[in-house]
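This report concerns only the one structure given below.
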Amino acid sequence: MCSDNCKAGSTERPAEEAPTRSGSPRQAAVTNLRGLSNVASIATFAVKYRRFLDPDGQLVDDRPPPLARDFDALRSLYALMVRTRTFDAKAITLQRTGKLGTYASCLGHEAIHVGIGNAMHPEDVFAPMYREYGTLFARGTKMEEILTYWGGDERGSDFSGPAHDFPICVPIATQCLHAAGSALAFKLRGEPRVGVSIVGDGGSSKGDFLEALNAAGAWKLPAVFVIANNQYAISVPRSQQSGAETLAQKGLAAGLPCVQVDGNDLLAVHWSMETALQRARTGGGASVIEMMTYRLSDHTTADDARRYRDQTEVDEATAKEPLRRLRAYLEAQGEWDEAREEALTLRCAEEVLEAVNHYLAMEPQPVTAIFDHMYETLPHDLAAQREAALGFEEPASSDVPAEVAKHA
Ligand SMILES: Cc1ncc(C[n+]2csc(CCOP(=O)(O)OP(=O)(O)O)c2C)c(N)n1
């Protein structure tokens, strides 16, 4: 399915050692600069781009994947995207009102996250970064668990999703090594399972990412490496991160098939994931997928993106966002309407409210909990800190004298 989209290049020497000129003007300039214009290429590469739905929700490819006609599936994927966005908006208001710690929004990334989660099998392993709520929800994680995590409570990492998935990973790109490691284990055990990781455009500059790709290429591991290119690594724009024309091509040096897709097009995301997962599951090795999107929110609630980008840029990106394009497609097919949208909006609001109430009603953990899950036997310096932390423990409400409690 992927052959016309993912063919990354050839390392065979051409039969005729004739002068060739291939690739981009940039490549040609480099070749000429070095005075090598009379030698043959030994490797040429291309990175293909795939989009099925344009920003107006029109099909732009005459060979859409079967999902394009599976309206039950599309409606439920659209519903999950709306649920995710409703959750995201609420989480930000919780942070603004002091009920949640710093939070990383997923606004604009919903097609990527939901598409990945839906294409994966439960037995696959997901190694997330920190904003893939749509994937986590698709895999069974509860909204209150995400809130608990961002509320600074480690119990939130005990997701109801598959227990073999990795927790949220903040050290940039290290999760790619976790996916590669899982994939190595699956290969050694002969299990038809896939390790999947996702990294940002910024994270794709890290050694961890490139090392994971190298291991996956060298050992033909069953892995999929997604780059969610949302155009910014906090305040650093894509143009300042890399001189490469695409980020997908970082996989070429590792010998991996690479493709770039429209990450706001659920059909393209899902198609590319299914293709890569199937390749990995059937012994074909790993793939790299660069999914193009735009971070419509601040980087996190600790950021103010107005300081480094213009509103016009955000407005242009908003016109291409993933929910309105899928809704427009469904409406044009007579598979969605205002009444369905209203009912969905209501359901999502209720579900989010229930999750928030659940989260807010949780009994806080004791202060000492932060010491209790890392070591079997606590090193002496941490044991001393644990002892000192007991002094910060708030008295249980029943221990507080009634007069004090009244004014608390
Ligand atoms: C190893 C490491 N270095 C630095 C940071 C600080 N940091 C947090 S997010 C971020 C930018 C990540 O940008 P990108 O990879 O593009 O992902 P995005 O957040 O845009 O989805 C940085 C540098 C970190 N968390 N880990």
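By convention here, the chains of the structure tokens are called A, B, ... in the order presented, each chain's residues are numbered starting at 1, and ligands are numbered starting at 1 in the order presented.
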### Task
Could you report the residues within 10 Å of ligand 1, using only C-alpha atoms and all ligand atoms, as JSON, numbers by chain?
{"A": [104, 105, 106, 109, 129, 130, 131, 132, 169, 170, 171, 172, 173, 174, 198, 199, 200, 201, 202, 203, 204, 205, 206, 208, 227, 228, 229, 230, 231, 232, 233, 234, 235, 236, 237, 238, 241, 294, 295, 298, 299, 300]}
Restrict the selected residues to C-alpha atoms and save them as a compact mmCIF listing (two decimals), in the first residue's frame.
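Final output, selection01.txt:
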# COMPACT_ATOMS: atom_id res chain seq x y z
CA ALA A 104 0.60 20.91 28.04
CA SER A 105 -2.29 21.54 25.64
CA CYS A 106 -2.98 19.35 22.59
CA HIS A 109 -2.98 17.90 17.38
CA MET A 129 5.67 12.43 25.21
CA TYR A 130 3.43 14.77 27.15
CA ARG A 131 0.47 15.98 25.12
CA GLU A 132 -0.97 12.88 23.38
CA CYS A 169 7.76 11.27 29.27
CA VAL A 170 9.00 14.83 29.72
CA PRO A 171 12.76 14.37 29.03
CA ILE A 172 12.63 15.17 25.33
CA ALA A 173 13.03 12.27 22.85
CA THR A 174 14.05 9.67 25.44
CA ILE A 198 6.03 10.19 19.09
CA VAL A 199 8.45 13.10 19.23
CA GLY A 200 8.16 16.79 18.43
CA ASP A 201 9.96 18.67 15.65
CA GLY A 202 12.35 19.97 18.30
CA GLY A 203 12.85 16.52 19.78
CA SER A 204 13.85 15.16 16.37
CA SER A 205 17.13 17.09 16.75
CA LYS A 206 18.07 15.06 19.82
CA ASP A 208 18.09 9.95 21.52
CA ILE A 227 7.37 13.18 14.41
CA ALA A 228 4.55 15.55 15.33
CA ASN A 229 5.81 18.64 13.54
CA ASN A 230 3.80 21.42 15.17
CA GLN A 231 6.25 24.08 13.87
CA TYR A 232 7.64 25.12 17.24
CA ALA A 233 9.87 23.82 20.00
CA ILE A 234 8.60 26.23 22.64
CA SER A 235 9.68 29.55 21.04
CA VAL A 236 12.08 28.10 18.43
CA PRO A 237 10.42 27.89 14.99
CA ARG A 238 10.98 24.94 12.68
CA GLN A 241 15.79 23.89 14.14
CA TYR A 294 0.46 23.49 14.11
CA ARG A 295 0.43 24.05 17.85
CA ASP A 298 0.77 28.02 24.08
CA HIS A 299 3.52 25.42 24.52
CA THR A 300 2.25 24.82 28.05
### Message
With only C-alpha atoms as the counted atoms, please give the residues lying no more than 9 Å from Ala223 of chain A, apart from itself and same-chain residues fewer than 3 positions off, as a PyMOL selection string.
### Response
chain A and resi 179-180+182-184+193-197+216+220+276-277+280-281+285-288
Taking C-alpha atoms for each residue, export the selection above as a CSV table (one decimal), in the first residue's frame.
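Saved as part_36.csv:
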chain,number,residue,atom,x,y,z
A,179,ALA,CA,9.9,2.3,21.9
A,180,ALA,CA,13.1,0.9,20.2
A,182,SER,CA,10.3,-2.6,23.3
A,183,ALA,CA,10.6,-3.3,19.6
A,184,LEU,CA,13.8,-5.2,20.2
A,193,ARG,CA,3.8,-6.4,18.4
A,194,VAL,CA,5.1,-2.9,17.6
A,195,GLY,CA,6.8,-0.2,19.6
A,196,VAL,CA,5.4,3.3,18.8
A,197,SER,CA,6.8,6.6,19.9
A,216,ALA,CA,15.7,0.3,14.5
A,220,LYS,CA,15.1,-4.1,11.5
A,276,ALA,CA,3.8,1.4,9.0
A,277,LEU,CA,2.3,-0.8,11.8
A,280,ALA,CA,6.5,-3.5,11.3
A,281,ARG,CA,4.2,-6.4,12.4
A,285,GLY,CA,11.1,-3.1,10.0
A,286,ALA,CA,10.6,0.4,11.3
A,287,SER,CA,9.3,3.6,9.6
A,288,VAL,CA,9.4,7.3,10.2
### Message
So, with only C-alpha atoms as the atoms that count, which of A:Val269, A:Leu330, A:Leu107, A:Leu147 lies closest to Leu94 of chain A?
### Response
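Using only C-alpha atoms, the shortest distance to Leu94 of chain A belongs to A:Leu147.
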### Task
Go ahead and compute the interatomic distance for atom CA of Met273 of chain A and atom CA of Val259 of chain A, in Å to one decimal.
10.5 Å
### Message
Which residues are near segment 342-358 of chain A? Cut-off 8 Å, only C-alpha atoms, ignore same chain within fewer than 4 positions. Put them as a ChimeraX atom specification.
### Response
/A:79,82-83,86-87,90,142-144,147,338,362
Dump of C-alpha atoms for the selected residues, as a PDB file, in the first residue's frame:
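Dumped to part_27.pdb:
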ATOM      1  CA  ALA A  79     -16.339  12.189  18.603  1.00  0.00           C
ATOM      2  CA  VAL A  82     -14.151  16.517  20.154  1.00  0.00           C
ATOM      3  CA  ARG A  83     -13.932  14.789  23.568  1.00  0.00           C
ATOM      4  CA  THR A  86     -13.290  19.542  25.383  1.00  0.00           C
ATOM      5  CA  PHE A  87     -11.030  17.924  27.954  1.00  0.00           C
ATOM      6  CA  LYS A  90     -11.241  22.347  30.714  1.00  0.00           C
ATOM      7  CA  LYS A 142      -9.322   7.943  31.783  1.00  0.00           C
ATOM      8  CA  MET A 143      -9.560  11.725  31.781  1.00  0.00           C
ATOM      9  CA  GLU A 144      -9.238  11.887  35.575  1.00  0.00           C
ATOM     10  CA  LEU A 147      -5.676  15.355  35.465  1.00  0.00           C
ATOM     11  CA  GLU A 338     -26.102  20.258  13.726  1.00  0.00           C
ATOM     12  CA  MET A 362      -9.410  12.449  45.398  1.00  0.00           C
TER      13      MET A 362
END
### Pick from A:Glu191, A:Glu154, A:Glu274, A:Asp54, whichever lies nearest to Arg325 of chain A using only C-alpha atoms
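Comparing A:Glu191, A:Glu154, A:Glu274, A:Asp54 against Arg325 of chain A, the winner is A:Asp54.
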#### Entry: Those in segment 90-333 of chain A with strand (DSSP E or B) from DSSP, as a PyMOL selection string
chain A and resi 125-127+195-200+223-229+232-233+236-237+258-262+287-292
Store the residues of this selection in a file with N, CA and C atoms, as an mmCIF file, in the first residue's frame.
data_model
loop_
_atom_site.group_PDB
_atom_site.id
_atom_site.type_symbol
_atom_site.label_atom_id
_atom_site.label_comp_id
_atom_site.auth_asym_id
_atom_site.auth_seq_id
_atom_site.Cartn_x
_atom_site.Cartn_y
_atom_site.Cartn_z
ATOM 1 N N VAL A 125 2.976 -1.299 22.004
ATOM 2 C CA VAL A 125 3.404 -0.475 23.144
ATOM 3 C C VAL A 125 3.531 0.972 22.696
ATOM 4 N N PHE A 126 2.926 1.867 23.449
ATOM 5 C CA PHE A 126 3.009 3.297 23.133
ATOM 6 C C PHE A 126 3.947 3.984 24.116
ATOM 7 N N ALA A 127 4.905 4.726 23.582
ATOM 8 C CA ALA A 127 5.824 5.517 24.407
ATOM 9 C C ALA A 127 5.539 6.989 24.103
ATOM 10 N N GLY A 195 6.460 -1.309 18.748
ATOM 11 C CA GLY A 195 6.753 -0.194 19.649
ATOM 12 C C GLY A 195 6.547 1.115 18.891
ATOM 13 N N VAL A 196 5.737 2.002 19.461
ATOM 14 C CA VAL A 196 5.411 3.269 18.782
ATOM 15 C C VAL A 196 5.812 4.432 19.675
ATOM 16 N N SER A 197 6.550 5.380 19.111
ATOM 17 C CA SER A 197 6.825 6.596 19.886
ATOM 18 C C SER A 197 6.459 7.815 19.058
ATOM 19 N N ILE A 198 6.330 8.909 19.746
ATOM 20 C CA ILE A 198 6.033 10.186 19.087
ATOM 21 C C ILE A 198 6.980 11.222 19.674
ATOM 22 N N VAL A 199 7.496 12.071 18.801
ATOM 23 C CA VAL A 199 8.447 13.098 19.234
ATOM 24 C C VAL A 199 8.067 14.392 18.527
ATOM 25 N N GLY A 200 8.461 15.519 19.082
ATOM 26 C CA GLY A 200 8.157 16.794 18.427
ATOM 27 C C GLY A 200 9.206 17.138 17.380
ATOM 28 N N ALA A 223 9.034 -1.124 14.794
ATOM 29 C CA ALA A 223 8.782 0.152 15.487
ATOM 30 C C ALA A 223 8.229 1.181 14.508
ATOM 31 N N VAL A 224 7.509 2.148 15.044
ATOM 32 C CA VAL A 224 7.060 3.303 14.250
ATOM 33 C C VAL A 224 7.446 4.558 15.020
ATOM 34 N N PHE A 225 8.144 5.450 14.340
ATOM 35 C CA PHE A 225 8.573 6.701 14.958
ATOM 36 C C PHE A 225 7.803 7.851 14.306
ATOM 37 N N VAL A 226 6.944 8.465 15.083
ATOM 38 C CA VAL A 226 6.159 9.592 14.563
ATOM 39 C C VAL A 226 6.814 10.896 15.007
ATOM 40 N N ILE A 227 6.949 11.813 14.063
ATOM 41 C CA ILE A 227 7.367 13.179 14.414
ATOM 42 C C ILE A 227 6.130 14.059 14.279
ATOM 43 N N ALA A 228 5.673 14.608 15.386
ATOM 44 C CA ALA A 228 4.547 15.549 15.332
ATOM 45 C C ALA A 228 5.149 16.931 15.121
ATOM 46 N N ASN A 229 5.179 17.355 13.860
ATOM 47 C CA ASN A 229 5.809 18.641 13.538
ATOM 48 C C ASN A 229 4.766 19.749 13.699
ATOM 49 N N TYR A 232 6.905 24.424 16.178
ATOM 50 C CA TYR A 232 7.635 25.124 17.243
ATOM 51 C C TYR A 232 8.160 24.160 18.297
ATOM 52 N N ALA A 233 9.375 24.446 18.783
ATOM 53 C CA ALA A 233 9.871 23.817 20.003
ATOM 54 C C ALA A 233 9.906 24.957 21.028
ATOM 55 N N VAL A 236 11.171 28.255 19.581
ATOM 56 C CA VAL A 236 12.084 28.104 18.429
ATOM 57 C C VAL A 236 11.297 27.564 17.232
ATOM 58 N N PRO A 237 11.195 28.358 16.139
ATOM 59 C CA PRO A 237 10.424 27.890 14.986
ATOM 60 C C PRO A 237 11.171 26.795 14.216
ATOM 61 N N CYS A 258 10.423 6.575 4.859
ATOM 62 C CA CYS A 258 9.981 7.823 5.496
ATOM 63 C C CYS A 258 8.851 8.413 4.671
ATOM 64 N N VAL A 259 7.921 9.029 5.328
ATOM 65 C CA VAL A 259 6.856 9.723 4.607
ATOM 66 C C VAL A 259 6.458 10.950 5.423
ATOM 67 N N GLN A 260 5.970 11.971 4.720
ATOM 68 C CA GLN A 260 5.411 13.136 5.417
ATOM 69 C C GLN A 260 3.923 13.179 5.087
ATOM 70 N N VAL A 261 3.094 13.388 6.093
ATOM 71 C CA VAL A 261 1.648 13.455 5.838
ATOM 72 C C VAL A 261 1.063 14.722 6.457
ATOM 73 N N ASP A 262 -0.135 15.059 5.993
ATOM 74 C CA ASP A 262 -0.868 16.173 6.594
ATOM 75 C C ASP A 262 -1.426 15.692 7.933
ATOM 76 N N SER A 287 9.577 2.443 10.530
ATOM 77 C CA SER A 287 9.285 3.560 9.624
ATOM 78 C C SER A 287 9.316 4.876 10.392
ATOM 79 N N VAL A 288 9.477 5.950 9.627
ATOM 80 C CA VAL A 288 9.392 7.295 10.201
ATOM 81 C C VAL A 288 8.255 8.037 9.490
ATOM 82 N N ILE A 289 7.369 8.618 10.273
ATOM 83 C CA ILE A 289 6.268 9.411 9.693
ATOM 84 C C ILE A 289 6.322 10.815 10.286
ATOM 85 N N GLU A 290 6.503 11.797 9.424
ATOM 86 C CA GLU A 290 6.429 13.191 9.886
ATOM 87 C C GLU A 290 4.998 13.678 9.644
ATOM 88 N N MET A 291 4.328 14.076 10.705
ATOM 89 C CA MET A 291 2.949 14.538 10.587
ATOM 90 C C MET A 291 2.925 16.054 10.782
ATOM 91 N N MET A 292 2.465 16.758 9.752
ATOM 92 C CA MET A 292 2.518 18.222 9.755
ATOM 93 C C MET A 292 1.281 18.814 10.426
#
### Filtered DSSP result for segment 56-110 of chain A, state helix (DSSP H, G or I), as a PyMOL selection string
chain A and resi 66-69+71-96+110
Kindly export the residues of the current selection with N, CA and C atoms, as a PDB file, in the first residue's frame.
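So the final result, stored in part-v1.pdb, reads:
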ATOM      1  N   PRO A  66      -9.972   2.864   2.772  1.00  0.00           N
ATOM      2  CA  PRO A  66     -11.327   2.389   3.093  1.00  0.00           C
ATOM      3  C   PRO A  66     -11.975   3.188   4.224  1.00  0.00           C
ATOM      4  N   LEU A  67     -11.173   3.715   5.141  1.00  0.00           N
ATOM      5  CA  LEU A  67     -11.730   4.479   6.261  1.00  0.00           C
ATOM      6  C   LEU A  67     -12.581   5.656   5.773  1.00  0.00           C
ATOM      7  N   ALA A  68     -12.245   6.197   4.591  1.00  0.00           N
ATOM      8  CA  ALA A  68     -12.990   7.353   4.067  1.00  0.00           C
ATOM      9  C   ALA A  68     -14.461   7.039   3.846  1.00  0.00           C
ATOM     10  N   ARG A  69     -14.812   5.746   3.670  1.00  0.00           N
ATOM     11  CA  ARG A  69     -16.217   5.364   3.450  1.00  0.00           C
ATOM     12  C   ARG A  69     -16.813   4.661   4.662  1.00  0.00           C
ATOM     13  N   PHE A  71     -18.321   5.307   7.713  1.00  0.00           N
ATOM     14  CA  PHE A  71     -18.811   6.482   8.427  1.00  0.00           C
ATOM     15  C   PHE A  71     -19.058   6.234   9.914  1.00  0.00           C
ATOM     16  N   ASP A  72     -19.377   4.995  10.278  1.00  0.00           N
ATOM     17  CA  ASP A  72     -19.508   4.709  11.716  1.00  0.00           C
ATOM     18  C   ASP A  72     -18.166   4.956  12.405  1.00  0.00           C
ATOM     19  N   ALA A  73     -17.114   4.426  11.793  1.00  0.00           N
ATOM     20  CA  ALA A  73     -15.774   4.597  12.377  1.00  0.00           C
ATOM     21  C   ALA A  73     -15.385   6.077  12.388  1.00  0.00           C
ATOM     22  N   LEU A  74     -15.671   6.777  11.303  1.00  0.00           N
ATOM     23  CA  LEU A  74     -15.285   8.193  11.237  1.00  0.00           C
ATOM     24  C   LEU A  74     -16.040   9.035  12.268  1.00  0.00           C
ATOM     25  N   ARG A  75     -17.330   8.703  12.449  1.00  0.00           N
ATOM     26  CA  ARG A  75     -18.097   9.448  13.460  1.00  0.00           C
ATOM     27  C   ARG A  75     -17.513   9.213  14.853  1.00  0.00           C
ATOM     28  N   SER A  76     -17.120   7.975  15.125  1.00  0.00           N
ATOM     29  CA  SER A  76     -16.606   7.744  16.479  1.00  0.00           C
ATOM     30  C   SER A  76     -15.210   8.363  16.647  1.00  0.00           C
ATOM     31  N   LEU A  77     -14.434   8.411  15.578  1.00  0.00           N
ATOM     32  CA  LEU A  77     -13.131   9.084  15.676  1.00  0.00           C
ATOM     33  C   LEU A  77     -13.310  10.598  15.828  1.00  0.00           C
ATOM     34  N   TYR A  78     -14.286  11.142  15.102  1.00  0.00           N
ATOM     35  CA  TYR A  78     -14.569  12.572  15.245  1.00  0.00           C
ATOM     36  C   TYR A  78     -15.007  12.871  16.685  1.00  0.00           C
ATOM     37  N   ALA A  79     -15.857  11.990  17.221  1.00  0.00           N
ATOM     38  CA  ALA A  79     -16.339  12.189  18.603  1.00  0.00           C
ATOM     39  C   ALA A  79     -15.166  12.169  19.582  1.00  0.00           C
ATOM     40  N   LEU A  80     -14.207  11.288  19.353  1.00  0.00           N
ATOM     41  CA  LEU A  80     -13.053  11.239  20.258  1.00  0.00           C
ATOM     42  C   LEU A  80     -12.202  12.509  20.132  1.00  0.00           C
ATOM     43  N   MET A  81     -12.124  13.045  18.921  1.00  0.00           N
ATOM     44  CA  MET A  81     -11.382  14.300  18.747  1.00  0.00           C
ATOM     45  C   MET A  81     -12.080  15.440  19.502  1.00  0.00           C
ATOM     46  N   VAL A  82     -13.410  15.460  19.443  1.00  0.00           N
ATOM     47  CA  VAL A  82     -14.151  16.517  20.154  1.00  0.00           C
ATOM     48  C   VAL A  82     -14.020  16.316  21.676  1.00  0.00           C
ATOM     49  N   ARG A  83     -14.110  15.080  22.128  1.00  0.00           N
ATOM     50  CA  ARG A  83     -13.932  14.789  23.568  1.00  0.00           C
ATOM     51  C   ARG A  83     -12.572  15.291  24.042  1.00  0.00           C
ATOM     52  N   THR A  84     -11.563  15.004  23.227  1.00  0.00           N
ATOM     53  CA  THR A  84     -10.200  15.393  23.589  1.00  0.00           C
ATOM     54  C   THR A  84     -10.087  16.917  23.683  1.00  0.00           C
ATOM     55  N   ARG A  85     -10.696  17.589  22.720  1.00  0.00           N
ATOM     56  CA  ARG A  85     -10.606  19.065  22.725  1.00  0.00           C
ATOM     57  C   ARG A  85     -11.383  19.652  23.911  1.00  0.00           C
ATOM     58  N   THR A  86     -12.501  19.044  24.245  1.00  0.00           N
ATOM     59  CA  THR A  86     -13.290  19.542  25.383  1.00  0.00           C
ATOM     60  C   THR A  86     -12.497  19.357  26.676  1.00  0.00           C
ATOM     61  N   PHE A  87     -11.869  18.199  26.785  1.00  0.00           N
ATOM     62  CA  PHE A  87     -11.030  17.924  27.954  1.00  0.00           C
ATOM     63  C   PHE A  87      -9.901  18.953  28.048  1.00  0.00           C
ATOM     64  N   ASP A  88      -9.269  19.215  26.925  1.00  0.00           N
ATOM     65  CA  ASP A  88      -8.109  20.104  26.870  1.00  0.00           C
ATOM     66  C   ASP A  88      -8.482  21.514  27.356  1.00  0.00           C
ATOM     67  N   ALA A  89      -9.612  22.007  26.864  1.00  0.00           N
ATOM     68  CA  ALA A  89     -10.042  23.362  27.247  1.00  0.00           C
ATOM     69  C   ALA A  89     -10.311  23.419  28.750  1.00  0.00           C
ATOM     70  N   LYS A  90     -10.919  22.369  29.280  1.00  0.00           N
ATOM     71  CA  LYS A  90     -11.241  22.347  30.714  1.00  0.00           C
ATOM     72  C   LYS A  90      -9.957  22.285  31.551  1.00  0.00           C
ATOM     73  N   ALA A  91      -9.001  21.485  31.091  1.00  0.00           N
ATOM     74  CA  ALA A  91      -7.747  21.355  31.844  1.00  0.00           C
ATOM     75  C   ALA A  91      -7.060  22.720  31.963  1.00  0.00           C
ATOM     76  N   ILE A  92      -7.122  23.504  30.898  1.00  0.00           N
ATOM     77  CA  ILE A  92      -6.491  24.835  30.950  1.00  0.00           C
ATOM     78  C   ILE A  92      -7.204  25.717  31.980  1.00  0.00           C
ATOM     79  N   THR A  93      -8.522  25.666  32.007  1.00  0.00           N
ATOM     80  CA  THR A  93      -9.228  26.504  32.996  1.00  0.00           C
ATOM     81  C   THR A  93      -8.936  26.013  34.419  1.00  0.00           C
ATOM     82  N   LEU A  94      -8.763  24.717  34.586  1.00  0.00           N
ATOM     83  CA  LEU A  94      -8.410  24.211  35.928  1.00  0.00           C
ATOM     84  C   LEU A  94      -7.047  24.756  36.354  1.00  0.00           C
ATOM     85  N   GLN A  95      -6.103  24.790  35.400  1.00  0.00           N
ATOM     86  CA  GLN A  95      -4.779  25.319  35.742  1.00  0.00           C
ATOM     87  C   GLN A  95      -4.886  26.799  36.083  1.00  0.00           C
ATOM     88  N   ARG A  96      -5.673  27.534  35.299  1.00  0.00           N
ATOM     89  CA  ARG A  96      -5.785  28.984  35.520  1.00  0.00           C
ATOM     90  C   ARG A  96      -6.437  29.307  36.865  1.00  0.00           C
ATOM     91  N   GLU A 110      -5.247  16.962  17.477  1.00  0.00           N
ATOM     92  CA  GLU A 110      -6.194  15.872  17.765  1.00  0.00           C
ATOM     93  C   GLU A 110      -6.195  14.782  16.706  1.00  0.00           C
TER      94      GLU A 110
END
### Message
Given only C-alpha atoms as the basis, pick out the residue of A:Leu221, A:Ile112, A:Ala163, A:Ala388 nearest to Gly190 of chain A.
### Response
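Nearest candidate to Gly190 of chain A out of A:Leu221, A:Ile112, A:Ala163, A:Ala388: A:Leu221.
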### Option closest in space to Ala253 of chain A, from A:Ala268, A:Ala138, A:Ala319, A:Leu210 [counting only C-alpha atoms]
A:Leu210
### Query
Near Thr318 of chain A, counting only C-alpha atoms, which residues have an atom at most 10 Å away, once you skip same-chain residues fewer than 6 positions from it, shown as a list of chain:residue names?
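The neighbour list is A:Pro55, A:Gly108, A:Tyr294, A:Arg295, A:Leu296, A:Thr312, A:Arg324.
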### Query
By how many Å are atom CA of Asp372 of chain A and atom CA of Phe392 of chain A apart?
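Between atom CA of Asp372 of chain A and atom CA of Phe392 of chain A the gap works out to 16.1 Å.
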### Task
Rounded to one decimal place, report the atom CA of Pro364 of chain A-atom CA of Gly98 of chain A distance in Å.
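Those two atoms sit 15.3 Å apart.
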So that I can check the surroundings of Asp61 of chain A, please list as a CSV table (one decimal) with C-alpha atoms, in the first residue's frame every protein, DNA and RNA residue that reaches within 10 Å of it, counting only C-alpha atoms and ignoring chain neighbours fewer than 3 positions away.
chain,number,residue,atom,x,y,z
A,50,ARG,CA,0.3,12.4,1.6
A,51,ARG,CA,-3.0,14.1,2.2
A,52,PHE,CA,-6.5,12.8,1.5
A,53,LEU,CA,-8.7,15.6,2.9
A,54,ASP,CA,-7.9,19.2,2.3
A,58,GLN,CA,-12.8,17.8,0.3
A,64,PRO,CA,-8.8,7.3,-0.5
A,65,PRO,CA,-8.3,4.6,2.1
### Query
From the list A:Glu211, A:Asp265, A:His164, A:Tyr308, which residue is nearest Ala328 of chain A when using only C-alpha atoms?
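Among the listed residues, the smallest separation from Ala328 of chain A belongs to A:Asp265.
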### Message
With only C-alpha atoms as the counted atoms, please give the residues lying no more than 6 Å from Gly217 of chain A, apart from itself and same-chain residues fewer than 6 positions off, as number ranges by chain.
### Response
A: 254-256
Same residues, N, CA and C atoms, saved as a PDB file, in the first residue's frame:
ATOM      1  N   ALA A 254      19.148   6.199   8.451  1.00  0.00           N
ATOM      2  CA  ALA A 254      19.053   4.952   9.219  1.00  0.00           C
ATOM      3  C   ALA A 254      18.520   3.821   8.342  1.00  0.00           C
ATOM      4  N   GLY A 255      18.256   4.129   7.061  1.00  0.00           N
ATOM      5  CA  GLY A 255      17.754   3.108   6.146  1.00  0.00           C
ATOM      6  C   GLY A 255      16.272   2.833   6.303  1.00  0.00           C
ATOM      7  N   LEU A 256      15.546   3.798   6.843  1.00  0.00           N
ATOM      8  CA  LEU A 256      14.120   3.556   7.107  1.00  0.00           C
ATOM      9  C   LEU A 256      13.241   4.231   6.059  1.00  0.00           C
TER      10      LEU A 256
END
